[in-house]
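Working notes, beginning with the structure itself.
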Amino acid sequence: MAEVVLKNVVKRYGELEAVSNVSFECRNGEFLVLLGPSGAGKTSTLKMIAGLEKITSGQVFIGGREVNGLEPRQRRVAMVFENYALYPHLSVFDNIASPLKAAGVAPGDIEARVKHVAKMLQIEQLLDRRPAHLSGGQQQRVSFGRALAKEADVYLMDEPLSHLDAKLRHETRGELKRLHGELGTSTIYVTHDFREALALADRVVVLDKGSIQQIGTPAEVYDQPANDFVADLIGEPPMNLIGCVATQLDGSLCFASDAFSLRVPSHAVDCVRGMTLPRQVRIGIRPTHITVELRPAGEDSVRAEVYVLEPLGALSILTVKLGADLVKIRVPEDFSAEIGDQVWLRFAEEKIRVFDAESGHRLV
Ligand SMILES: Nc1ncnc2c1ncn2[C@@H]1O[C@H](COP(=O)(O)OP(=O)(O)OP(=O)(O)O)[C@@H](O)[C@H]1O
Ligand SMILES: [Mg+2]
C-alpha cells in the first residue's frame with residue numbers, strides 16, 4: 001500500500017494542454033475515482049502516474065518517493081487500461097499468471113491467486129483459451145484479472161468495466177468493491193460514469209477540460225456540487241438548474257422569474273442578503289426533491305406545464321415547462337398527466353442550491 005500525490009501536474013501534447021495544474025492525493029488504502037466526460041484528461045493523468053506518459057511539469061509521488069524519472073515497472077503499480085494488451089500466444093491462465101511468475105511467486109500460490117480473480121470476474125471456464133478466441137468483454141476481464149492478481153502498492157484502472165454488459169458491469173463493480181475492502185490497496189479508478197464513481201469511491205476527483213472541478217466524497221459531490229458542471233454531471237436525470245434572479249420583493253428575499261417567485265429558503269438567507277441584488281442566479285434542485293400536485297398547493301407552490309411523462313418501471317420521469325426551463329421530476333409509477341396539463345411544484349427547501357449564473361460557482 002502506498003499513497004499517491006500529484007503536485008501541479010501538467011500534460012501538454014504540442015499546443016494542447018490536456019491536464020492543467022492538477023493536484024490531488026490518493027491516501028493510503030483509499031479508492032479514489034477520477035470522474036469526467038470524454039477528453040477531460042483522465043487517461044492522461046493516469047498514464048503519468050503509471051509512467052506511460054511523460055509529465056510536462058509538476059511532480060508525482062508514490063509512497064513518498066518522487067517517481068517522475070522512474071520506469072513504469074519501478075513504480076510498483078498494477079494497471080488496467082482500455083486496450084487490453086494481452087499476450088496472444090499465452091492462455092488466459094498464463095496471461096493472468098505472467099506477472100506473478102516474473103515476481104517469483106510459488107506455483108501453488110500462483111494457481112490460487114489466478115483462480116480467485118478468475119472466479120470473481122466469471123472467467124474460470126476460459127482459463128485454457130487464447131485471447132484471440134475471446135469476446136471484447138472477456139478480454140477486458142482477463143486484462144483486469146492480470147492487474148488484480150499482481151501484487152502492487154497501487155492499482156490504476158482506466159474504465160476497466162466499460163466493455164461489459166450492464167448486468168456483468170454491475171456484478172463486477174460489487175465484487176471490485178468487496179475486493180478493495182479485503183485488500184485495501186490504494187486504487188485510482190477512471191470513469192465517465194457517475195454511477196460507478198458514487199458506488200465505488202471513497203472520494204471523487206471531478207475533472208473537466210484538464211482541470212479539477214471538485215474533490216469530495218460521493219455524498220459531497222452529489223449533495224454539494226461545487227459548480228453547475230458537477231451538478232449537471234451527476235445524477236440521472238441530473239440536478240435541475242433553473243434560471244432566475246435573487247431579489248427583494250415587498251421586503252422579502254426571493255428567487256423570481258417571469259414564471260415563478262419563490263421565497264429564499266432559510267439556509268440561504270444570509271448568503272443572499274450578502275449579495276448585490278438583483279443578481280442573476282440558477283437554482284439547483286434534484287428531480288427527487290420536487291413533489292408534484294395537480295392543484296394549487298399553497299403559497300410556495302410553483303405552477304408549471306406538463307411537457308412529457310416517461311414511465312421507467314418503478315418510477316416515471318415527468319418533465320415540465322417552467323418559464324424558459326425544462327424541469328425533470330421523479331414521480332411515482334402511478335402518476336398520470338397529459339401533455340399540456342397544469343401542475344404545481346413544491347421544492348424541498350433545504351435541498352435548494354444556488355449557483356452564480358455567470359461563473360457557475362455554487363453560492364449556497
Ligand atoms: N497522445 C496524444 N496526442 C495528442 N493529444 C492527445 C493524446 N492523448 C490524448 N490527447 C488529447 O488530450 C485530451 C485528453 O485526453 P484523455 O485521453 O486524457 O481524455 P479522457 O478523459 O481519458 O477521455 P475518454 O473518456 O474519452 O477516455 C483530449 O483532448 C485528447 O484528444
Ligand atoms: Mg480515457
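In the C-alpha cells, each chain is lettered A, B, ... as it comes, each chain's residues begin at 1, and ligands are numbered from 1 in order of appearance.
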| task | Can you tell me which residues come within 10 Å of ligand 1 when counting only C-alpha atoms and all ligand atoms, ideally as a PyMOL selection string? | result | chain A and resi 11-19+34-48+53+82+158-159+190-193+207-210
| message | Report as a list in words all protein, DNA and RNA residues lying within 7 Å of Gly216 in chain A, evaluated on only C-alpha atoms, omitting residues in the same chain fewer than 6 positions from it. | response | Arg203, Val204 and Val205 of chain A
| message | One decimal, in Å: what's the spacing between CA of Thr288 in chain A and CA of Tyr189 in chain A? | response |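 Spanning CA of Thr288 in chain A to CA of Tyr189 in chain A is a straight-line distance of 28.0 Å.
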| message | With DSSP run on the backbone, what are the strand (DSSP E or B) residues within range 61-181 of chain A? I'd like them as a list in words. | response | Phe61, Ile62, Arg65, Glu66, Val77, Ala78, Met79, Val80, Val154, Tyr155, Leu156, Met157 and Asp158 of chain A
| task | Considering only C-alpha atoms, return as number ranges by chain whatever protein or nucleic-acid residues lie within 12 Å of Val269 in chain A, sequence-local ones (same chain, fewer than 2 positions apart) excluded. | result | A: 246-248, 252-255, 263-267, 271-275, 349-350, 352-354, 363-364
Put those residues in a file: N, CA and C atoms, as a compact mmCIF listing (two decimals), in the first residue's frame.
# COMPACT_ATOMS: atom_id res chain seq x y z
N ALA A 246 -32.08 36.53 -7.93
CA ALA A 246 -32.26 36.69 -6.49
C ALA A 246 -32.56 38.16 -6.27
N THR A 247 -33.65 38.46 -5.59
CA THR A 247 -34.05 39.86 -5.45
C THR A 247 -34.88 40.06 -4.19
N GLN A 248 -35.23 41.33 -3.95
CA GLN A 248 -36.05 41.66 -2.79
C GLN A 248 -37.41 42.13 -3.30
N SER A 252 -39.26 41.00 1.20
CA SER A 252 -38.71 39.67 1.48
C SER A 252 -37.86 39.19 0.32
N LEU A 253 -36.88 38.37 0.67
CA LEU A 253 -35.94 37.88 -0.33
C LEU A 253 -36.57 36.74 -1.12
N CYS A 254 -36.41 36.78 -2.45
CA CYS A 254 -36.96 35.68 -3.22
C CYS A 254 -36.16 35.42 -4.48
N PHE A 255 -36.41 34.26 -5.04
CA PHE A 255 -35.90 33.92 -6.37
C PHE A 255 -37.07 34.12 -7.32
N ARG A 263 -39.85 32.04 -2.21
CA ARG A 263 -39.17 32.62 -1.05
C ARG A 263 -37.79 31.98 -0.89
N VAL A 264 -36.78 32.77 -0.58
CA VAL A 264 -35.44 32.22 -0.36
C VAL A 264 -35.48 31.35 0.89
N PRO A 265 -35.08 30.08 0.80
CA PRO A 265 -35.15 29.20 1.98
C PRO A 265 -34.21 29.70 3.08
N SER A 266 -34.55 29.33 4.32
CA SER A 266 -33.85 29.92 5.46
C SER A 266 -32.34 29.67 5.42
N HIS A 267 -31.92 28.48 4.92
CA HIS A 267 -30.47 28.19 4.91
C HIS A 267 -29.71 29.08 3.93
N CYS A 271 -26.67 34.20 2.89
CA CYS A 271 -25.85 34.31 1.70
C CYS A 271 -26.47 35.29 0.70
N VAL A 272 -27.78 35.18 0.49
CA VAL A 272 -28.45 36.07 -0.48
C VAL A 272 -28.40 37.52 0.02
N ARG A 273 -28.55 37.69 1.33
CA ARG A 273 -28.51 39.04 1.90
C ARG A 273 -27.15 39.69 1.64
N GLY A 274 -26.11 38.87 1.57
CA GLY A 274 -24.77 39.41 1.32
C GLY A 274 -24.51 39.76 -0.14
N MET A 275 -25.43 39.47 -1.03
CA MET A 275 -25.21 39.73 -2.46
C MET A 275 -25.68 41.14 -2.82
N GLU A 349 -37.24 22.66 0.44
CA GLU A 349 -36.49 23.90 0.68
C GLU A 349 -35.01 23.68 0.99
N GLU A 350 -34.76 22.75 1.91
CA GLU A 350 -33.37 22.58 2.38
C GLU A 350 -32.47 22.00 1.29
N ILE A 352 -32.51 23.11 -1.90
CA ILE A 352 -32.27 24.10 -2.97
C ILE A 352 -30.82 24.58 -2.89
N ARG A 353 -30.12 24.50 -4.02
CA ARG A 353 -28.76 25.02 -4.13
C ARG A 353 -28.80 26.22 -5.05
N VAL A 354 -27.85 27.14 -4.89
CA VAL A 354 -27.87 28.35 -5.71
C VAL A 354 -26.51 28.53 -6.38
N LEU A 363 -23.15 29.17 -4.81
CA LEU A 363 -23.13 30.25 -3.83
C LEU A 363 -23.69 29.77 -2.50
N VAL A 364 -24.68 28.90 -2.56
CA VAL A 364 -25.32 28.39 -1.35
C VAL A 364 -25.34 26.88 -1.41
| Residue nearest Thr217 in chain A among A:His133, A:Gly174, A:Ser20, A:Val33 (counting only C-alpha atoms) |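 Among the listed residues, the smallest separation from Thr217 in chain A belongs to A:Val33.
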